[in-house]
There are 2 protein chains.
Amino acid sequence: MPPRVTIVDVAARAGVAISSVSSALNNRPGVSDDTRKRILEAAEDLGFVPSLRGRSLSAKRAFAVGLVVHRDPYVLESDPFFGSFIGGIETVLDPRGYALILQMGSERVETLDRYRSLAANRRVDGVFLNELGVDDPRIPLVQELGLPAVGVNAGPAFPLPAVRQDHGRGIAELVDHFVTLGHRRFAHVSGPHEFIHGHQRRRAWGDALAAAGMEPGVVVEGDFTYEGGVSAADRVFGGGSREARPVHPTAVFCSNDLSAIGFMARASELGFRVPEDVSVAGYDGIELGTYVRPALTTIRTNPRLIGREAARMLLDAIDACPEGTRRIPDVDVDPAHLLVRSSTGPAPLQD
Amino acid sequence: MPPRVTIVDVAARAGVAISSVSSALNNRPGVSDDTRKRILEAAEDLGFVPSLRGRSLSAKRAFAVGLVVHRDPYVLESDPFFGSFIGGIETVLDPRGYALILQMGSERVETLDRYRSLAANRRVDGVFLNELGVDDPRIPLVQELGLPAVGVNAGPAFPLPAVRQDHGRGIAELVDHFVTLGHRRFAHVSGPHEFIHGHQRRRAWGDALAAAGMEPGVVVEGDFTYEGGVSAADRVFGGGSREARPVHPTAVFCSNDLSAIGFMARASELGFRVPEDVSVAGYDGIELGTYVRPALTTIRTNPRLIGREAARMLLDAIDACPEGTRRIPDVDVDPAHLLVRSSTGPAPLQD
DNA sequence: TTGAAAGCGCTACCAT
DNA sequence: ATGGTAGCGCTTTCAA
């Protein structure tokens with residue numbers, strides 16, 4: 001490693017004090033135009049890049065934010081959310097000189113410890129709270145630690161700044177789509193009950209059905225995985241083949257695309273044609289949904305946008321932190337909308 | 001944010017000098033057992049956690065390493081490699097007090113700049129070089145910058161420390177599997193030619209076929225995506241249906257699972273049954289491969305293990321850096337092996 | 001406007 | 001064995 005060029009070198013070269021260099025480089029007043037110019041040139045000549053470490057220590061900032069992904073590694077593999085979400089985060093972090101620290105913790109408690117140590121050694125100035133659970137223990141934790149945080153798709157009573165993408169709209173559109181197609185028997189494959197977003201989608205589905213004057217239909221608990229979709233199909237169809245179940249739900253809403261794809265696969269195996277016998281819709285809008293046959297009808301979210309807004313909010317919260325605790329207003333990105341493809345169609349004749 | 005407990009507080013409480021606290025806390029000699037005990041207690045009582053910033057500045061280390069993911073966001077979504085790879089990295093970083101900084105750059109040049117700025121402001125002490133390309137520009141860059149780096153699945157002439165998982169073995173097993181099943185007409189859906197790993201798999205495939213006394217078969221270039229697999233199937237089968245192509249490759253090796261799954265889907269659409277008419281195998285061992293029908297025969301890699309070893313090497317390289325440039329020996333993790341599932345079977349009768 | 005100097009929290013060296 | 005002190009590279013305050 002070649003020895004670094006420091007602010008001292010720049011000051012020497014420009015023939016000024018280091019404090020002037022600091023002021024000049026940070027566009028602060030108190031430096032004459034002439035001096036500023038000399039300093040800028042010197043810095044340029046020397047290829048000076050301010051040391052993050054020095055700044056960090058002095059400014060009491062890490063210039064980094066943290067994202068802790070919990071659940072097992074398979075999630076990052078298959079969950080399309082994180083890739084785009086992180087991409088969105090990056091687009092705002094980088095221009096503002098911040099970096100993303102990614103941690104993975106498989107266990108729930110382990111995750112909490114991650115946040116704790118991230119805060120304890122001040123490795124980050126703030127964190128994202130993703131995949132929020134009901135009564136998520138991270139909320140009191142960051143509050144206690146005084147660690148700036150923003151929630152991602154948080155519930156309505158979330159006590160911290162949050163960015164949300166409305167799900168109700170898209171789900172209502174889906175119900176409308178189903179009803180228009182003549183469906184009257186519904187089923188929902190939910191996410192795990194302990195997650196806020198699973199919860200919300202389930203509720204919105206129930207509400208939309210009620211608003212349309214429909215029966216609530218069955219709800220089976222899934223887990224956002226392909227496998228969960230498979231076993232959900234078994235439960236929805238009572239494990240029986242099509243012949244054994246002349247009357248069955250004809251419109252199924254799965255809480256995410258991956259489980260919807262699993263559901264479709266198992267439905268086919270059981271002899272139910274999609275969409276002739278049963279219509280299936282997912283939630284997310286992952287690429288894979290465009291490849292399976294039939295292509296998956298879904299409610300398309302925008303994780304990249306969510307990441308961007310969440311990062312923007314987090315940096316704002318960090319900037320606002322030292323002074324007042326002036327509340328950052330929540331952000332709602334454009335609602336998720338229904339995207340009709342081929343996995344949904346007219347209701348079959350039954351009864 | 002509550003004011004931090006610093007080493008000064010601990011020293012005051014224990015009634016010793018801060019230098020003694022530093023020594024005691026870092027398990028360095030020069031402190032009596034009695035004093036050490038008092039210091040430890042004081043630190044414990046105060047809940048002292050050393051500030052990363054102070055250490056960083058003093059030790060001239062960031063205690064962080066960088067991973068730059070290039071290509072578009074879709075990659076992180078669908079490529080199973082990164083989730084597990086990062087998980088593996090974490091398992092060694094965390095215990096050693098290091099953190100992972102993740103950057104994303106969609107464009108190739110942008111990626112280079114990421115490495116540059118990461119090094120310029122000393123945000124990281126080392127970087128991973130993943131997805132290596134032929135004549136990858138990052139190699140001269142990190143060499144010029146004097147930035148410790150380890151390559152992931154690098155080629156044989158790679159001039160820096162690297163961790164590799166042998167692919168030749170599994171591919172040879174696959175060829176053996178195919179030949180034993182009576183296959184004589186082969187095809188390969190490669191990865192993009194500019195990537196080392198695409199290159200290597202293709203070569204290993206050709207070598208293994210030659211070693212078995214087989215014709216080389218056709219090679220079509222894919223791009224590691226599902227879509228690439230779809231269009232590869234069109235090219236392999238000449239875009240025709242099964243009836244139009246009585247003689248066609250009966251054993252296809254795709255350079256990764258995702259493209260294999262796309263290939264299978266398209267093959268089915270064209271009327272080729274898998275595995276009755278054509279056997280298909282992939283490479284990676286992603287979860288999705290166990291769900292599709294037929295379940296995908298593949299060569300299973302271990303990204304988690306690769307991540308673990310790569311991180312271990314990188315930290316070693318960083319530790320070794322200041323003193324000698326003593327070369328860190330390369331690591332070969334257990335070879336990838338063939339995993340037979342249902343997408344491969346006996347060759348159909350032809351000719 | 002400019003410069004000197006005091007931290008920020010830690011490590012490391014050198015007296016004692 | 002202990003304590004004092006000089007950095008590490010920057011920002012910020014305060015004199016000049």
# chains A, B, ... in the order shown; residues from 1 in each chain; ligands from 1
>>> closest_atom_pairs(of="chain D", to="chain A", cutoff="9 Å", atoms="only C-alpha atoms (C1' of nucleotides)", output="JSON lines")
{"residue": "D:DC8", "atom": "C1'", "partner": "A:Gly54", "partner_atom": "CA", "distance": 7.7}
{"residue": "D:DG9", "atom": "C1'", "partner": "A:Gly54", "partner_atom": "CA", "distance": 4.3}
{"residue": "D:DC10", "atom": "C1'", "partner": "A:Gly54", "partner_atom": "CA", "distance": 4.4}
{"residue": "D:DT11", "atom": "C1'", "partner": "A:Ser58", "partner_atom": "CA", "distance": 5.9}
{"residue": "D:DT12", "atom": "C1'", "partner": "A:Ser19", "partner_atom": "CA", "distance": 8.6}
>>> write_last_selection(atoms="N, CA and C atoms (P, O5', C5', C4', C3', O3' and C1' of nucleotides)", output="short mmCIF file (atom, residue, chain, number, x, y, z; two decimals), in the first residue's frame")
data_model
loop_
_atom_site.label_atom_id
_atom_site.label_comp_id
_atom_site.auth_asym_id
_atom_site.auth_seq_id
_atom_site.Cartn_x
_atom_site.Cartn_y
_atom_site.Cartn_z
P DC D 8 1.32 10.28 12.33
"O5'" DC D 8 -0.10 9.60 12.18
"C5'" DC D 8 -0.25 8.20 12.00
"C4'" DC D 8 -1.73 7.89 11.99
"C3'" DC D 8 -2.54 8.90 11.17
"O3'" DC D 8 -2.77 8.34 9.87
"C1'" DC D 8 -3.61 8.33 13.27
P DG D 9 -2.39 9.21 8.62
"O5'" DG D 9 -3.68 10.13 8.46
"C5'" DG D 9 -4.92 9.51 8.12
"C4'" DG D 9 -6.04 10.52 8.26
"C3'" DG D 9 -5.82 11.82 7.49
"O3'" DG D 9 -7.01 12.12 6.79
"C1'" DG D 9 -6.36 12.28 9.74
P DC D 10 -7.14 13.37 5.88
"O5'" DC D 10 -8.23 14.20 6.68
"C5'" DC D 10 -9.55 13.71 6.77
"C4'" DC D 10 -10.24 14.19 8.03
"C3'" DC D 10 -10.69 15.63 8.02
"O3'" DC D 10 -12.03 15.69 7.54
"C1'" DC D 10 -9.81 14.97 10.15
P DT D 11 -12.65 17.11 7.25
"O5'" DT D 11 -13.16 17.60 8.67
"C5'" DT D 11 -14.10 16.80 9.39
"C4'" DT D 11 -14.45 17.49 10.69
"C3'" DT D 11 -15.02 18.90 10.55
"O3'" DT D 11 -16.08 19.02 11.48
"C1'" DT D 11 -13.13 18.96 11.96
P DT D 12 -17.08 20.24 11.40
"O5'" DT D 12 -16.68 21.09 12.69
"C5'" DT D 12 -16.27 20.42 13.87
"C4'" DT D 12 -15.73 21.43 14.86
"C3'" DT D 12 -16.24 22.87 14.67
"O3'" DT D 12 -16.56 23.40 15.94
"C1'" DT D 12 -13.89 22.85 14.68
#
>>> residues_around(residues="DT16 of chain C", least_positions_apart="6", cutoff="10 Å", atoms="only C-alpha atoms (C1' of nucleotides)", output="PyMOL selection string")
chain D and resi 2-4
>>> interface_residues(of="chain C", to="chain B", cutoff="9 Å", atoms="only C-alpha atoms (C1' of nucleotides)", output="PDB file with N, CA, C and O atoms (P, O5', C5', C4', C3', O3' and C1' of nucleotides), in the first residue's frame")
ATOM      1  P    DC C   8     -12.995  14.975  23.175  1.00  0.00           P
ATOM      2  O5'  DC C   8     -13.207  13.979  21.953  1.00  0.00           O
ATOM      3  C5'  DC C   8     -14.241  14.164  21.009  1.00  0.00           C
ATOM      4  C4'  DC C   8     -14.046  13.153  19.924  1.00  0.00           C
ATOM      5  C3'  DC C   8     -13.605  11.789  20.450  1.00  0.00           C
ATOM      6  O3'  DC C   8     -14.735  10.920  20.540  1.00  0.00           O
ATOM      7  C1'  DC C   8     -12.361  12.464  18.472  1.00  0.00           C
ATOM      8  P    DG C   9     -14.994  10.143  21.882  1.00  0.00           P
ATOM      9  O5'  DG C   9     -14.068   8.860  21.727  1.00  0.00           O
ATOM     10  C5'  DG C   9     -14.362   7.908  20.714  1.00  0.00           C
ATOM     11  C4'  DG C   9     -13.222   6.941  20.599  1.00  0.00           C
ATOM     12  C3'  DG C   9     -12.808   6.278  21.913  1.00  0.00           C
ATOM     13  O3'  DG C   9     -12.764   4.882  21.716  1.00  0.00           O
ATOM     14  C1'  DG C   9     -10.923   7.176  20.821  1.00  0.00           C
ATOM     15  P    DC C  10     -12.294   3.879  22.795  1.00  0.00           P
ATOM     16  O5'  DC C  10     -10.878   3.469  22.210  1.00  0.00           O
ATOM     17  C5'  DC C  10     -10.846   2.778  20.973  1.00  0.00           C
ATOM     18  C4'  DC C  10      -9.473   2.869  20.349  1.00  0.00           C
ATOM     19  C3'  DC C  10      -8.372   2.111  21.084  1.00  0.00           C
ATOM     20  O3'  DC C  10      -8.208   0.824  20.488  1.00  0.00           O
ATOM     21  C1'  DC C  10      -7.630   4.241  20.254  1.00  0.00           C
ATOM     22  P    DT C  11      -7.159  -0.180  21.169  1.00  0.00           P
ATOM     23  O5'  DT C  11      -5.769   0.218  20.495  1.00  0.00           O
ATOM     24  C5'  DT C  11      -5.649   0.213  19.090  1.00  0.00           C
ATOM     25  C4'  DT C  11      -4.231   0.584  18.702  1.00  0.00           C
ATOM     26  C3'  DT C  11      -3.142  -0.285  19.321  1.00  0.00           C
ATOM     27  O3'  DT C  11      -2.160  -0.528  18.306  1.00  0.00           O
ATOM     28  C1'  DT C  11      -2.733   1.969  19.856  1.00  0.00           C
ATOM     29  P    DA C  12      -0.975  -1.515  18.578  1.00  0.00           P
ATOM     30  O5'  DA C  12       0.252  -0.531  18.844  1.00  0.00           O
ATOM     31  C5'  DA C  12       0.518   0.529  17.944  1.00  0.00           C
ATOM     32  C4'  DA C  12       1.759   1.282  18.407  1.00  0.00           C
ATOM     33  C3'  DA C  12       2.809   0.369  19.045  1.00  0.00           C
ATOM     34  O3'  DA C  12       4.102   0.887  18.752  1.00  0.00           O
ATOM     35  C1'  DA C  12       2.087   1.939  20.625  1.00  0.00           C
TER      36       DA C  12
END
>>> residues_around(residues="Gly228 of chain B", least_positions_apart="6", cutoff="9 Å", atoms="only C-alpha atoms (C1' of nucleotides)", output="PyMOL selection string")
chain B and resi 189+221-222+258-259+262-263
>>> select_by_dssp(residues="segment 36-266 of chain A", states="alpha helix (DSSP H)", output="ChimeraX atom specification")
/A:36-46,52-59,73-78,80-93,108-120,138-145,168-180,196-211,226-236,257-266
>>> write_last_selection(atoms="C-alpha atoms", output="mmCIF file, in the first residue's frame")
data_model
loop_
_atom_site.group_PDB
_atom_site.id
_atom_site.type_symbol
_atom_site.label_atom_id
_atom_site.label_comp_id
_atom_site.auth_asym_id
_atom_site.auth_seq_id
_atom_site.Cartn_x
_atom_site.Cartn_y
_atom_site.Cartn_z
ATOM 1 C CA ARG A 36 -9.323 28.136 -2.203
ATOM 2 C CA LYS A 37 -8.171 27.796 -5.752
ATOM 3 C CA ARG A 38 -4.596 27.035 -4.715
ATOM 4 C CA ILE A 39 -5.831 24.433 -2.273
ATOM 5 C CA LEU A 40 -8.092 22.756 -4.785
ATOM 6 C CA GLU A 41 -5.235 22.563 -7.234
ATOM 7 C CA ALA A 42 -2.890 21.130 -4.667
ATOM 8 C CA ALA A 43 -5.441 18.515 -3.698
ATOM 9 C CA GLU A 44 -5.993 17.673 -7.323
ATOM 10 C CA ASP A 45 -2.281 17.407 -8.047
ATOM 11 C CA LEU A 46 -1.706 15.143 -5.112
ATOM 12 C CA LEU A 52 -12.958 8.198 5.924
ATOM 13 C CA ARG A 53 -11.393 7.186 9.198
ATOM 14 C CA GLY A 54 -10.274 10.618 10.159
ATOM 15 C CA ARG A 55 -13.592 12.076 9.194
ATOM 16 C CA SER A 56 -15.400 9.334 10.980
ATOM 17 C CA LEU A 57 -13.641 9.854 14.243
ATOM 18 C CA SER A 58 -13.955 13.565 14.117
ATOM 19 C CA ALA A 59 -17.505 13.732 12.857
ATOM 20 C CA PRO A 73 -29.546 -18.217 3.386
ATOM 21 C CA TYR A 74 -32.146 -19.623 1.068
ATOM 22 C CA VAL A 75 -34.010 -16.377 1.365
ATOM 23 C CA LEU A 76 -31.437 -14.267 -0.312
ATOM 24 C CA GLU A 77 -31.313 -16.970 -2.931
ATOM 25 C CA SER A 78 -34.909 -16.991 -3.822
ATOM 26 C CA PRO A 80 -36.351 -11.308 -5.275
ATOM 27 C CA PHE A 81 -36.950 -8.530 -2.869
ATOM 28 C CA PHE A 82 -33.470 -8.090 -1.546
ATOM 29 C CA GLY A 83 -31.585 -7.771 -4.775
ATOM 30 C CA SER A 84 -33.680 -4.926 -6.046
ATOM 31 C CA PHE A 85 -34.134 -3.427 -2.629
ATOM 32 C CA ILE A 86 -30.399 -3.247 -2.121
ATOM 33 C CA GLY A 87 -29.967 -1.886 -5.603
ATOM 34 C CA GLY A 88 -32.364 0.908 -4.756
ATOM 35 C CA ILE A 89 -30.558 1.632 -1.521
ATOM 36 C CA GLU A 90 -27.263 1.892 -3.315
ATOM 37 C CA THR A 91 -28.472 4.514 -5.722
ATOM 38 C CA VAL A 92 -28.908 7.007 -2.916
ATOM 39 C CA LEU A 93 -26.189 5.872 -0.534
ATOM 40 C CA ARG A 108 -34.074 -14.373 15.265
ATOM 41 C CA VAL A 109 -32.111 -13.686 18.448
ATOM 42 C CA GLU A 110 -28.879 -13.667 16.554
ATOM 43 C CA THR A 111 -30.337 -10.938 14.406
ATOM 44 C CA LEU A 112 -31.049 -8.811 17.441
ATOM 45 C CA ASP A 113 -27.472 -9.206 18.563
ATOM 46 C CA ARG A 114 -26.324 -8.053 15.169
ATOM 47 C CA TYR A 115 -28.208 -4.844 15.564
ATOM 48 C CA ARG A 116 -26.858 -4.488 19.049
ATOM 49 C CA SER A 117 -23.228 -4.832 18.116
ATOM 50 C CA LEU A 118 -23.682 -2.711 15.021
ATOM 51 C CA ALA A 119 -24.861 0.026 17.329
ATOM 52 C CA ALA A 120 -22.445 -0.691 20.151
ATOM 53 C CA ARG A 138 -36.085 -4.581 17.021
ATOM 54 C CA ILE A 139 -38.373 -1.621 17.488
ATOM 55 C CA PRO A 140 -37.790 -1.162 21.212
ATOM 56 C CA LEU A 141 -34.167 -2.042 20.642
ATOM 57 C CA VAL A 142 -33.369 0.758 18.231
ATOM 58 C CA GLN A 143 -35.431 3.148 20.307
ATOM 59 C CA GLU A 144 -33.470 2.247 23.393
ATOM 60 C CA LEU A 145 -30.205 2.505 21.517
ATOM 61 C CA GLY A 168 -54.712 -2.824 -0.574
ATOM 62 C CA ARG A 169 -55.164 -1.278 -3.963
ATOM 63 C CA GLY A 170 -53.638 -4.126 -5.935
ATOM 64 C CA ILE A 171 -55.423 -6.740 -3.896
ATOM 65 C CA ALA A 172 -58.731 -4.980 -4.440
ATOM 66 C CA GLU A 173 -57.974 -4.954 -8.136
ATOM 67 C CA LEU A 174 -57.324 -8.666 -7.991
ATOM 68 C CA VAL A 175 -60.606 -9.375 -6.234
ATOM 69 C CA ASP A 176 -62.382 -7.270 -8.779
ATOM 70 C CA HIS A 177 -60.628 -9.191 -11.545
ATOM 71 C CA PHE A 178 -61.706 -12.496 -10.020
ATOM 72 C CA VAL A 179 -65.275 -11.439 -9.449
ATOM 73 C CA THR A 180 -65.591 -10.052 -12.949
ATOM 74 C CA ILE A 196 -46.603 -7.894 9.217
ATOM 75 C CA HIS A 197 -46.733 -8.058 5.466
ATOM 76 C CA GLY A 198 -48.223 -11.535 5.475
ATOM 77 C CA HIS A 199 -50.785 -10.271 7.911
ATOM 78 C CA GLN A 200 -51.644 -7.215 5.902
ATOM 79 C CA ARG A 201 -52.080 -8.999 2.629
ATOM 80 C CA ARG A 202 -54.349 -11.464 4.288
ATOM 81 C CA ARG A 203 -56.472 -8.757 5.817
ATOM 82 C CA ALA A 204 -56.645 -6.724 2.663
ATOM 83 C CA TRP A 205 -57.788 -9.844 0.834
ATOM 84 C CA GLY A 206 -60.527 -10.475 3.360
ATOM 85 C CA ASP A 207 -61.607 -6.855 3.299
ATOM 86 C CA ALA A 208 -61.727 -6.702 -0.464
ATOM 87 C CA LEU A 209 -63.754 -9.890 -0.669
ATOM 88 C CA ALA A 210 -66.196 -8.545 1.890
ATOM 89 C CA ALA A 211 -66.442 -5.254 0.063
ATOM 90 C CA TYR A 226 -42.234 -22.753 -3.277
ATOM 91 C CA GLU A 227 -42.606 -25.745 -1.027
ATOM 92 C CA GLY A 228 -45.113 -23.898 1.090
ATOM 93 C CA GLY A 229 -47.170 -23.300 -2.043
ATOM 94 C CA VAL A 230 -47.050 -26.973 -2.882
ATOM 95 C CA SER A 231 -48.311 -28.075 0.475
ATOM 96 C CA ALA A 232 -50.862 -25.296 0.482
ATOM 97 C CA ALA A 233 -52.306 -26.723 -2.722
ATOM 98 C CA ASP A 234 -52.635 -30.071 -1.028
ATOM 99 C CA ARG A 235 -54.546 -28.465 1.782
ATOM 100 C CA VAL A 236 -56.723 -26.290 -0.403
ATOM 101 C CA ASP A 257 -45.155 -15.339 -6.357
ATOM 102 C CA LEU A 258 -42.871 -18.110 -5.280
ATOM 103 C CA SER A 259 -45.583 -19.868 -3.329
ATOM 104 C CA ALA A 260 -48.029 -19.211 -6.160
ATOM 105 C CA ILE A 261 -45.690 -20.990 -8.556
ATOM 106 C CA GLY A 262 -45.423 -23.909 -6.165
ATOM 107 C CA PHE A 263 -49.163 -23.914 -5.822
ATOM 108 C CA MET A 264 -49.687 -24.029 -9.566
ATOM 109 C CA ALA A 265 -47.251 -26.870 -9.979
ATOM 110 C CA ARG A 266 -48.970 -28.985 -7.369
#
>>> closest_residue(among="B:Gly155, B:Pro249, B:Gly285, B:Pro29", to="chain A", atoms="only C-alpha atoms")
B:Gly285
>>> atom_distance(atom1="atom CA of Arg308 of chain A", atom2="atom CA of Val163 of chain A")
9.8 Å
>>> residues_around(residues="Met104 of chain B", least_positions_apart="5", cutoff="6 Å", atoms="only C-alpha atoms (C1' of nucleotides)", output="ChimeraX atom specification")
/B:68-70
>>> write_last_selection(atoms="all heavy atoms", output="CSV table (one decimal), in the first residue's frame")
chain,number,residue,atom,x,y,z
B,68,VAL,N,-18.3,-6.3,-4.5
B,68,VAL,CA,-19.0,-5.5,-5.5
B,68,VAL,C,-19.7,-6.5,-6.4
B,68,VAL,O,-19.0,-7.3,-7.1
B,68,VAL,CB,-18.1,-4.6,-6.3
B,68,VAL,CG1,-18.8,-3.8,-7.3
B,68,VAL,CG2,-17.3,-3.7,-5.3
B,69,VAL,N,-21.0,-6.4,-6.5
B,69,VAL,CA,-21.7,-7.3,-7.4
B,69,VAL,C,-22.0,-6.5,-8.6
B,69,VAL,O,-22.6,-5.4,-8.6
B,69,VAL,CB,-23.1,-7.7,-6.7
B,69,VAL,CG1,-23.9,-8.5,-7.7
B,69,VAL,CG2,-22.8,-8.4,-5.4
B,70,HIS,N,-21.5,-7.0,-9.7
B,70,HIS,CA,-21.8,-6.3,-11.0
B,70,HIS,C,-22.9,-7.1,-11.7
B,70,HIS,O,-23.4,-8.1,-11.3
B,70,HIS,CB,-20.6,-6.0,-11.8
B,70,HIS,CG,-19.8,-7.3,-12.1
B,70,HIS,ND1,-19.0,-7.9,-11.1
B,70,HIS,CD2,-19.5,-8.0,-13.2
B,70,HIS,CE1,-18.4,-8.9,-11.6
B,70,HIS,NE2,-18.7,-9.0,-12.9
>>> atom_distance(atom1="atom CA of Glu309 of chain A", atom2="atom CA of Gly97 of chain A")
16.5 Å
>>> atom_distance(atom1="atom CA of Leu338 of chain B", atom2="atom CA of Val292 of chain A")
25.8 Å
>>> select_by_dssp(residues="segment 13-237 of chain A", states="strand (DSSP E)", output="PyMOL selection string")
chain A and resi 64-70+99-105+126-129+149-152+162-165+186-190+218-221
>>> residues_around(residues="segment 316-318 of chain A", least_positions_apart="2", cutoff="8 Å", atoms="only C-alpha atoms (C1' of nucleotides)", output="PyMOL selection string")
chain A and resi 125-126+148-149+312-314+320-322+327-328
>>> closest_residue(among="B:Glu107, B:Glu215, B:Asp94, B:Glu131", to="chain A", atoms="only C-alpha atoms")
B:Asp94
>>> decode(residues="chain D", atoms="N, CA and C atoms (P, O5', C5', C4', C3', O3' and C1' of nucleotides)", output="CSV table (one decimal), in the first residue's frame")
chain,number,residue,atom,x,y,z
D,1,DA,P,5.1,-7.7,34.1
D,1,DA,O5',4.3,-6.6,34.9
D,1,DA,C5',3.8,-6.8,36.2
D,1,DA,C4',3.6,-5.5,36.8
D,1,DA,C3',2.3,-4.8,36.3
D,1,DA,O3',1.7,-4.1,37.4
D,1,DA,C1',4.2,-3.5,35.7
D,2,DT,P,0.4,-3.4,37.2
D,2,DT,O5',0.8,-2.0,36.7
D,2,DT,C5',0.8,-0.9,37.5
D,2,DT,C4',1.4,0.3,36.8
D,2,DT,C3',0.4,1.1,36.0
D,2,DT,O3',0.0,2.2,36.9
D,2,DT,C1',2.6,1.1,35.0
D,3,DG,P,-1.2,3.1,36.4
D,3,DG,O5',-0.4,4.3,35.7
D,3,DG,C5',0.7,4.9,36.4
D,3,DG,C4',1.4,5.9,35.5
D,3,DG,C3',0.3,6.8,34.8
D,3,DG,O3',0.8,8.2,34.9
D,3,DG,C1',1.8,5.8,33.2
D,4,DG,P,0.0,9.4,34.5
D,4,DG,O5',0.8,9.9,33.3
D,4,DG,C5',2.2,10.3,33.5
D,4,DG,C4',2.9,10.5,32.2
D,4,DG,C3',2.2,11.5,31.3
D,4,DG,O3',3.2,12.4,30.8
D,4,DG,C1',2.6,9.5,30.1
D,5,DT,P,2.7,13.7,29.9
D,5,DT,O5',2.9,13.1,28.5
D,5,DT,C5',4.1,12.4,28.1
D,5,DT,C4',4.1,12.0,26.6
D,5,DT,C3',3.2,13.0,25.8
D,5,DT,O3',3.9,13.1,24.5
D,5,DT,C1',2.4,10.8,25.5
D,6,DA,P,3.8,14.4,23.7
D,6,DA,O5',4.3,14.0,22.3
D,6,DA,C5',5.2,12.9,22.2
D,6,DA,C4',4.9,12.0,21.1
D,6,DA,C3',4.2,12.7,19.9
D,6,DA,O3',4.7,12.1,18.7
D,6,DA,C1',2.8,11.1,20.6
D,7,DG,P,4.6,12.8,17.3
D,7,DG,O5',3.0,13.1,17.3
D,7,DG,C5',2.3,12.9,16.1
D,7,DG,C4',2.1,11.4,15.8
D,7,DG,C3',1.1,11.1,14.7
D,7,DG,O3',1.6,10.1,13.8
D,7,DG,C1',0.5,10.0,16.8
D,8,DC,P,1.3,10.3,12.3
D,8,DC,O5',-0.1,9.6,12.2
D,8,DC,C5',-0.3,8.2,12.0
D,8,DC,C4',-1.7,7.9,12.0
D,8,DC,C3',-2.5,8.9,11.2
D,8,DC,O3',-2.8,8.3,9.9
D,8,DC,C1',-3.6,8.3,13.3
D,9,DG,P,-2.4,9.2,8.6
D,9,DG,O5',-3.7,10.1,8.5
D,9,DG,C5',-4.9,9.5,8.1
D,9,DG,C4',-6.0,10.5,8.3
D,9,DG,C3',-5.8,11.8,7.5
D,9,DG,O3',-7.0,12.1,6.8
D,9,DG,C1',-6.4,12.3,9.7
D,10,DC,P,-7.1,13.4,5.9
D,10,DC,O5',-8.2,14.2,6.7
D,10,DC,C5',-9.5,13.7,6.8
D,10,DC,C4',-10.2,14.2,8.0
D,10,DC,C3',-10.7,15.6,8.0
D,10,DC,O3',-12.0,15.7,7.5
D,10,DC,C1',-9.8,15.0,10.2
D,11,DT,P,-12.7,17.1,7.2
D,11,DT,O5',-13.2,17.6,8.7
D,11,DT,C5',-14.1,16.8,9.4
D,11,DT,C4',-14.5,17.5,10.7
D,11,DT,C3',-15.0,18.9,10.5
D,11,DT,O3',-16.1,19.0,11.5
D,11,DT,C1',-13.1,19.0,12.0
D,12,DT,P,-17.1,20.2,11.4
D,12,DT,O5',-16.7,21.1,12.7
D,12,DT,C5',-16.3,20.4,13.9
D,12,DT,C4',-15.7,21.4,14.9
D,12,DT,C3',-16.2,22.9,14.7
D,12,DT,O3',-16.6,23.4,15.9
D,12,DT,C1',-13.9,22.8,14.7
D,13,DT,P,-17.4,24.7,16.1
D,13,DT,O5',-16.7,25.5,17.3
D,13,DT,C5',-15.9,24.7,18.2
D,13,DT,C4',-14.7,25.4,18.7
D,13,DT,C3',-15.0,26.9,18.9
D,13,DT,O3',-14.5,27.3,20.2
D,13,DT,C1',-13.0,26.5,17.6
D,14,DC,P,-15.0,28.7,20.8
D,14,DC,O5',-13.5,29.4,20.8
D,14,DC,C5',-12.4,28.7,21.2
D,14,DC,C4',-11.1,29.5,20.8
D,14,DC,C3',-11.3,31.0,20.9
D,14,DC,O3',-10.1,31.5,21.5
D,14,DC,C1',-10.6,30.4,18.7
D,15,DA,P,-10.3,32.8,22.4
D,15,DA,O5',-8.9,33.6,22.1
D,15,DA,C5',-8.6,33.6,20.7
D,15,DA,C4',-7.1,33.4,20.5
D,15,DA,C3',-6.4,34.8,20.4
D,15,DA,O3',-5.0,34.6,20.6
D,15,DA,C1',-6.8,33.8,18.3
D,16,DA,P,-4.1,35.9,20.7
D,16,DA,O5',-3.7,36.2,19.2
D,16,DA,C5',-2.8,35.2,18.5
D,16,DA,C4',-2.7,35.6,17.1
D,16,DA,C3',-2.3,37.1,16.9
D,16,DA,O3',-1.2,37.1,15.9
D,16,DA,C1',-4.1,36.6,15.6
